[in-house]
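J.: So that you have it, the file is structure-v4.cif, and it contains mmCIF, C-alpha atoms:
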data_data
#
loop_
_atom_site.label_atom_id
_atom_site.label_comp_id
_atom_site.auth_asym_id
_atom_site.auth_seq_id
_atom_site.Cartn_x
_atom_site.Cartn_y
_atom_site.Cartn_z
CA GLN A 1 10.65 45.94 254.57
CA GLU A 2 8.30 42.97 254.22
CA ALA A 3 9.99 41.24 257.12
CA VAL A 4 9.69 44.37 259.26
CA GLN A 5 5.97 44.55 258.50
CA GLU A 6 5.51 40.85 259.29
CA TYR A 7 7.18 41.19 262.69
CA GLU A 8 5.27 44.37 263.49
CA ASN A 9 2.02 42.54 262.65
CA ILE A 10 3.04 39.72 264.99
CA LEU A 11 3.73 42.24 267.77
CA GLU A 12 0.33 43.87 267.29
CA LYS A 13 -1.27 40.50 268.01
CA ASN A 14 1.22 39.42 270.67
CA PRO A 15 3.15 42.36 272.21
CA LYS A 16 5.15 40.02 274.48
CA PHE A 17 6.63 37.90 271.67
CA LEU A 18 10.39 38.18 272.30
CA PRO A 19 11.59 36.65 269.01
CA ALA A 20 9.87 39.42 267.04
CA TYR A 21 11.63 42.15 269.03
CA MET A 22 14.96 40.37 268.56
CA ALA A 23 14.38 39.89 264.83
CA LEU A 24 13.48 43.56 264.37
CA GLY A 25 16.54 44.59 266.36
CA ALA A 26 18.74 42.38 264.17
CA ILE A 27 17.15 43.69 260.96
CA TYR A 28 17.74 47.30 261.99
CA ASP A 29 21.30 46.45 263.06
CA GLN A 30 21.99 44.98 259.61
CA MET A 31 20.54 48.12 258.02
CA GLY A 32 22.95 50.24 260.07
CA MET A 33 20.12 51.74 262.11
CA GLY A 34 21.54 51.10 265.57
CA LYS A 35 19.29 53.52 267.46
CA LYS A 36 16.19 51.87 266.04
CA ALA A 37 17.64 48.43 266.87
CA GLU A 38 18.32 49.60 270.44
CA ALA A 39 14.64 50.47 270.85
CA PHE A 40 13.62 46.90 269.98
CA TYR A 41 16.22 45.37 272.30
CA ARG A 42 14.92 47.63 275.09
CA LYS A 43 11.36 46.46 274.34
CA ALA A 44 12.53 42.85 274.56
CA LEU A 45 14.02 43.66 277.96
CA ASP A 46 10.71 45.25 279.00
CA VAL A 47 9.12 41.86 278.33
CA LYS A 48 11.89 39.89 280.08
CA LYS A 49 14.29 42.11 282.02
CA ASP A 50 17.22 39.66 282.13
CA PHE A 51 16.94 38.28 278.58
CA ALA A 52 20.61 37.73 277.75
CA PRO A 53 20.50 38.05 273.93
CA ALA A 54 18.71 41.41 274.12
CA ALA A 55 20.96 42.65 276.94
CA ASN A 56 24.06 41.63 274.97
CA ASN A 57 22.93 43.23 271.71
CA LEU A 58 21.88 46.42 273.48
CA ALA A 59 25.22 46.53 275.32
CA TRP A 60 27.12 46.15 272.04
CA ASN A 61 25.07 48.86 270.31
CA LEU A 62 25.51 51.29 273.18
CA ALA A 63 29.25 50.61 273.41
CA THR A 64 30.00 50.82 269.70
CA GLY A 65 27.38 53.37 268.70
CA GLY A 66 28.37 56.23 270.96
CA GLY A 67 25.95 55.37 273.76
CA ASN A 68 26.52 55.43 277.48
CA ILE A 69 29.43 53.06 278.13
CA ASP A 70 28.47 52.50 281.78
CA GLU A 71 24.92 51.59 280.74
CA ALA A 72 26.45 49.24 278.16
CA LEU A 73 28.58 47.62 280.87
CA GLY A 74 25.50 47.04 283.02
CA TYR A 75 23.66 45.28 280.20
CA ALA A 76 26.73 43.19 279.29
CA GLN A 77 27.04 42.08 282.91
CA ILE A 78 23.35 41.10 282.98
CA ALA A 79 23.90 39.05 279.82
CA LYS A 80 26.96 37.33 281.27
CA GLU A 81 25.15 36.50 284.52
CA GLN A 82 22.44 34.76 282.49
CA MET A 83 24.76 33.06 279.97
CA PRO A 84 28.24 32.87 281.53
CA LYS A 85 29.66 30.48 278.91
CA ASN A 86 28.64 32.36 275.76
CA ALA A 87 31.57 33.49 273.59
CA ALA A 88 29.70 36.43 272.01
CA ILE A 89 28.63 37.76 275.40
CA MET A 90 32.18 37.44 276.76
CA ASP A 91 33.42 39.29 273.69
CA THR A 92 30.92 42.11 274.21
CA LEU A 93 31.88 42.43 277.88
CA GLY A 94 35.57 42.32 276.98
CA TRP A 95 35.19 45.03 274.34
CA ILE A 96 33.38 47.27 276.80
CA TYR A 97 36.22 46.76 279.31
CA TYR A 98 38.63 47.63 276.48
CA LEU A 99 36.73 50.82 275.64
CA LYS A 100 36.77 51.79 279.33
CA GLY A 101 40.55 51.25 279.48
CA ASN A 102 40.33 48.18 281.72
CA TYR A 103 42.67 46.11 279.54
CA LEU A 104 43.43 43.35 282.05
CA SER A 105 39.73 42.47 282.46
CA ALA A 106 39.30 42.74 278.70
CA VAL A 107 42.14 40.27 278.07
CA SER A 108 40.61 37.81 280.54
CA GLU A 109 37.17 37.96 278.86
CA PHE A 110 38.66 37.57 275.38
CA GLN A 111 40.80 34.59 276.43
CA ASP A 112 37.75 32.87 277.91
CA SER A 113 35.77 33.69 274.77
CA ILE A 114 38.46 32.28 272.47
CA ALA A 115 38.48 29.04 274.47
CA LEU A 116 34.84 28.61 273.36
CA ASP A 117 35.18 30.03 269.82
CA PRO A 118 38.83 29.65 268.75
CA GLU A 119 38.30 30.35 265.04
CA ASN A 120 36.55 33.70 265.49
CA PRO A 121 38.84 36.36 263.99
CA VAL A 122 37.01 39.28 265.62
CA ILE A 123 37.51 37.92 269.13
CA ARG A 124 41.20 37.29 268.37
CA TYR A 125 41.48 40.85 267.00
CA HIS A 126 39.86 42.19 270.18
CA LEU A 127 42.30 40.15 272.28
CA GLY A 128 45.23 41.47 270.25
CA MET A 129 44.14 45.07 270.70
CA ALA A 130 43.67 44.63 274.46
CA LEU A 131 47.07 42.94 274.78
CA TYR A 132 48.66 45.76 272.75
CA LYS A 133 47.11 48.42 274.98
CA ASN A 134 48.28 46.40 278.00
CA ARG A 135 51.85 46.53 276.57
CA GLN A 136 51.97 42.77 276.01
CA VAL A 137 53.30 43.37 272.52
CA LYS A 138 54.58 39.87 271.67
CA GLN A 139 51.24 38.26 272.58
CA ALA A 140 49.35 41.06 270.80
CA LYS A 141 51.30 40.36 267.61
CA GLN A 142 50.46 36.65 267.83
CA ALA A 143 46.75 37.31 268.42
CA LEU A 144 46.49 39.82 265.57
CA GLU A 145 48.40 37.57 263.16
CA LYS A 146 46.13 34.65 264.08
CA ALA A 147 43.01 36.79 263.53
CA LEU A 148 44.22 37.79 260.06
CA SER A 149 45.22 34.21 259.22
CA ILE A 150 41.66 33.06 259.99
CA SER A 151 40.17 35.81 257.83
CA GLY A 152 41.62 38.90 256.23
CA ASN A 153 38.18 40.43 255.93
CA PHE A 154 36.43 41.10 259.24
CA LYS A 155 35.31 44.24 261.01
CA GLY A 156 38.57 45.49 262.48
CA ALA A 157 40.93 43.79 259.99
CA LYS A 158 42.28 47.16 258.80
CA GLU A 159 43.05 48.26 262.36
CA ALA A 160 44.62 44.85 263.06
CA ARG A 161 46.96 45.30 260.07
CA GLU A 162 47.84 48.86 261.12
CA THR A 163 48.59 47.76 264.69
CA LEU A 164 50.80 44.94 263.39
CA GLU A 165 52.68 47.47 261.24
CA ASN A 166 53.23 49.66 264.31
CA ILE A 167 54.48 46.66 266.28
CA LYS A 168 56.91 45.73 263.49
CA LYS A 169 58.11 49.34 263.07
CA ASN A 170 58.72 49.72 266.80
CA ALA A 171 60.52 46.35 266.93
CA SER A 172 62.92 47.44 264.17
CA VAL A 173 63.64 50.74 265.97
CA SER A 174 64.47 49.22 269.35
#
For the structure just supplied, provide its representation as structure tokens.
T.:
Amino acid sequence: QEAVQEYENILEKNPKFLPAYMALGAIYDQMGMGKKAEAFYRKALDVKKDFAPAANNLAWNLATGGGNIDEALGYAQIAKEQMPKNAAIMDTLGWIYYLKGNYLSAVSEFQDSIALDPENPVIRYHLGMALYKNRQVKQAKQALEKALSISGNFKGAKEARETLENIKKNASVS
């Protein structure tokens, strides 16, 4: 709460100070208050309309928090235009493609993202899920196993394990 007050005080004095909007967005994200975080990312974009970190974070919140997926895609594309070689932005864009059912584009984004951040288990999990949905089961299994070998405790680890179990069950049936 002290940090929130500090940043709000800064914004009273300087309403165009981007780092304060980003910090408040991140604080509210960590508190599980996505809608409040979204408001601060939008304010950051009011200050600088193509600010990639704000566009990326807003895209992620919209996509994963039940927001408008097409609006999320637009913000993710803005972020990627500004920072085309950023693994987190590629991951966000890939996950939005995944959520929209565009698995081929998702796989491409995740592969590019992994090239930049190979030890990120979440990106490997996302790749595995997109490959699985794209019926590339062998590659999906490899990606999910790699994600879990990097860390068994990441957001999505439970779903990764369940998907691997399904792959193994289906392999033993066929």
J.: What's the 8 Å shell around stretch 147-163 of chain A, counting all atoms listed in the file, without same-chain residues fewer than 3 positions away, as a list in words?
T.: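 Listed by chain and then number, they are Glu119, Asn120, Pro121, Val122, Ile123, Arg124, Tyr125, Gly128, Met129, Ala143, Leu144, Asn166 and Ile167 of chain A.
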J.: Going by the chain IDs and residue numbers used in this file, which residues fall under the PyMOL selection byres ((chain A and resi 78-81) around 7)? Write them as a list in words.
T.: Asp50, Ala52, Pro53, Ala55, Asn56, Gly74, Tyr75, Ala76, Gln77, Gln82, Met83, Pro84, Ile89 and Met90 of chain A
J.: Using C-alpha atoms, can you write the selected residues to a file as a PDB file, in the frame of the given file?
T.:
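Below is the file that was written, out_6.pdb:
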ATOM      1  CA  ASP A  50      17.220  39.660 282.130  1.00  0.00           C
ATOM      2  CA  ALA A  52      20.610  37.730 277.750  1.00  0.00           C
ATOM      3  CA  PRO A  53      20.500  38.050 273.930  1.00  0.00           C
ATOM      4  CA  ALA A  55      20.960  42.650 276.940  1.00  0.00           C
ATOM      5  CA  ASN A  56      24.060  41.630 274.970  1.00  0.00           C
ATOM      6  CA  GLY A  74      25.500  47.040 283.020  1.00  0.00           C
ATOM      7  CA  TYR A  75      23.660  45.280 280.200  1.00  0.00           C
ATOM      8  CA  ALA A  76      26.730  43.190 279.290  1.00  0.00           C
ATOM      9  CA  GLN A  77      27.040  42.080 282.910  1.00  0.00           C
ATOM     10  CA  GLN A  82      22.440  34.760 282.490  1.00  0.00           C
ATOM     11  CA  MET A  83      24.760  33.060 279.970  1.00  0.00           C
ATOM     12  CA  PRO A  84      28.240  32.870 281.530  1.00  0.00           C
ATOM     13  CA  ILE A  89      28.630  37.760 275.400  1.00  0.00           C
ATOM     14  CA  MET A  90      32.180  37.440 276.760  1.00  0.00           C
TER      15      MET A  90
END
J.: Enumerate, as a PyMOL selection string, the residues matched when the PyMOL selection byres ((chain A and resi 34-39) around 10) is run on the file above.
T.: chain A and resi 21-33+40-45+54-55+57-62+64-65+67
J.: Of the candidates A:Ala140, A:Ala63, A:Ala130, A:Phe17, which one gets nearest to A:Gly101 if we count all atoms listed in the file?
T.: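 Closest residue, counting all atoms listed in the file: A:Ala130.
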J.: Using Å and a single decimal, report how far atom CA of A:Leu127 sits from atom CA of A:Phe110.
T.: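 It comes out at 5.4 Å.
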J.: Report, in Å with one decimal, the straight-line distance from atom CA of A:Glu8 to atom CA of A:Ala20.
T.: 7.6 Å
J.: Pick the closest to A:Asp117 from A:Ala88, A:Ala3, A:Leu164, A:Val47: which is it, counting only C-alpha atoms?
T.: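 Among the listed residues, A:Ala88 lies closest to A:Asp117.
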J.: Between atom CA of A:Tyr103 and atom CA of A:Ala87, what is the distance in Å, rounded to a tenth?
T.: 17.8 Å
J.: Considering all atoms listed in the file, return as a PDB file with C-alpha atoms, in the frame of the given file whatever protein or nucleic-acid residues lie within 8 Å of stretch 104-108 of chain A, sequence-local ones (same chain, fewer than 3 positions apart) excluded.
T.:
ATOM      1  CA  LEU A  93      31.880  42.430 277.880  1.00  0.00           C
ATOM      2  CA  GLY A  94      35.570  42.320 276.980  1.00  0.00           C
ATOM      3  CA  TRP A  95      35.190  45.030 274.340  1.00  0.00           C
ATOM      4  CA  ILE A  96      33.380  47.270 276.800  1.00  0.00           C
ATOM      5  CA  TYR A  97      36.220  46.760 279.310  1.00  0.00           C
ATOM      6  CA  TYR A  98      38.630  47.630 276.480  1.00  0.00           C
ATOM      7  CA  GLN A 111      40.800  34.590 276.430  1.00  0.00           C
ATOM      8  CA  ASP A 112      37.750  32.870 277.910  1.00  0.00           C
ATOM      9  CA  LEU A 127      42.300  40.150 272.280  1.00  0.00           C
ATOM     10  CA  ALA A 130      43.670  44.630 274.460  1.00  0.00           C
ATOM     11  CA  LEU A 131      47.070  42.940 274.780  1.00  0.00           C
ATOM     12  CA  ASN A 134      48.280  46.400 278.000  1.00  0.00           C
TER      13      ASN A 134
END
J.: Give me stretch 163-174 of chain A with N, CA and C atoms filled in, as a compact mmCIF listing (two decimals), in the coordinates of the input.
T.:
# COMPACT_ATOMS: atom_id res chain seq x y z
N THR A 163 47.95 48.00 263.39
CA THR A 163 48.59 47.76 264.69
C THR A 163 49.79 46.84 264.52
N LEU A 164 49.66 45.82 263.67
CA LEU A 164 50.80 44.94 263.39
C LEU A 164 51.95 45.72 262.76
N GLU A 165 51.63 46.63 261.85
CA GLU A 165 52.68 47.47 261.24
C GLU A 165 53.39 48.30 262.30
N ASN A 166 52.63 48.88 263.22
CA ASN A 166 53.23 49.66 264.31
C ASN A 166 54.13 48.79 265.18
N ILE A 167 53.68 47.58 265.47
CA ILE A 167 54.48 46.66 266.28
C ILE A 167 55.79 46.36 265.56
N LYS A 168 55.71 46.07 264.26
CA LYS A 168 56.91 45.73 263.49
C LYS A 168 57.85 46.93 263.37
N LYS A 169 57.29 48.13 263.16
CA LYS A 169 58.11 49.34 263.07
C LYS A 169 58.84 49.59 264.38
N ASN A 170 58.11 49.48 265.48
CA ASN A 170 58.72 49.72 266.80
C ASN A 170 59.76 48.66 267.14
N ALA A 171 59.56 47.43 266.67
CA ALA A 171 60.52 46.35 266.93
C ALA A 171 61.82 46.62 266.17
N SER A 172 61.72 47.19 264.96
CA SER A 172 62.92 47.44 264.17
C SER A 172 63.68 48.66 264.68
N VAL A 173 63.01 49.54 265.41
CA VAL A 173 63.64 50.74 265.97
C VAL A 173 64.41 50.40 267.23
N SER A 174 63.84 49.51 268.05
CA SER A 174 64.47 49.22 269.35
C SER A 174 65.61 48.25 269.24
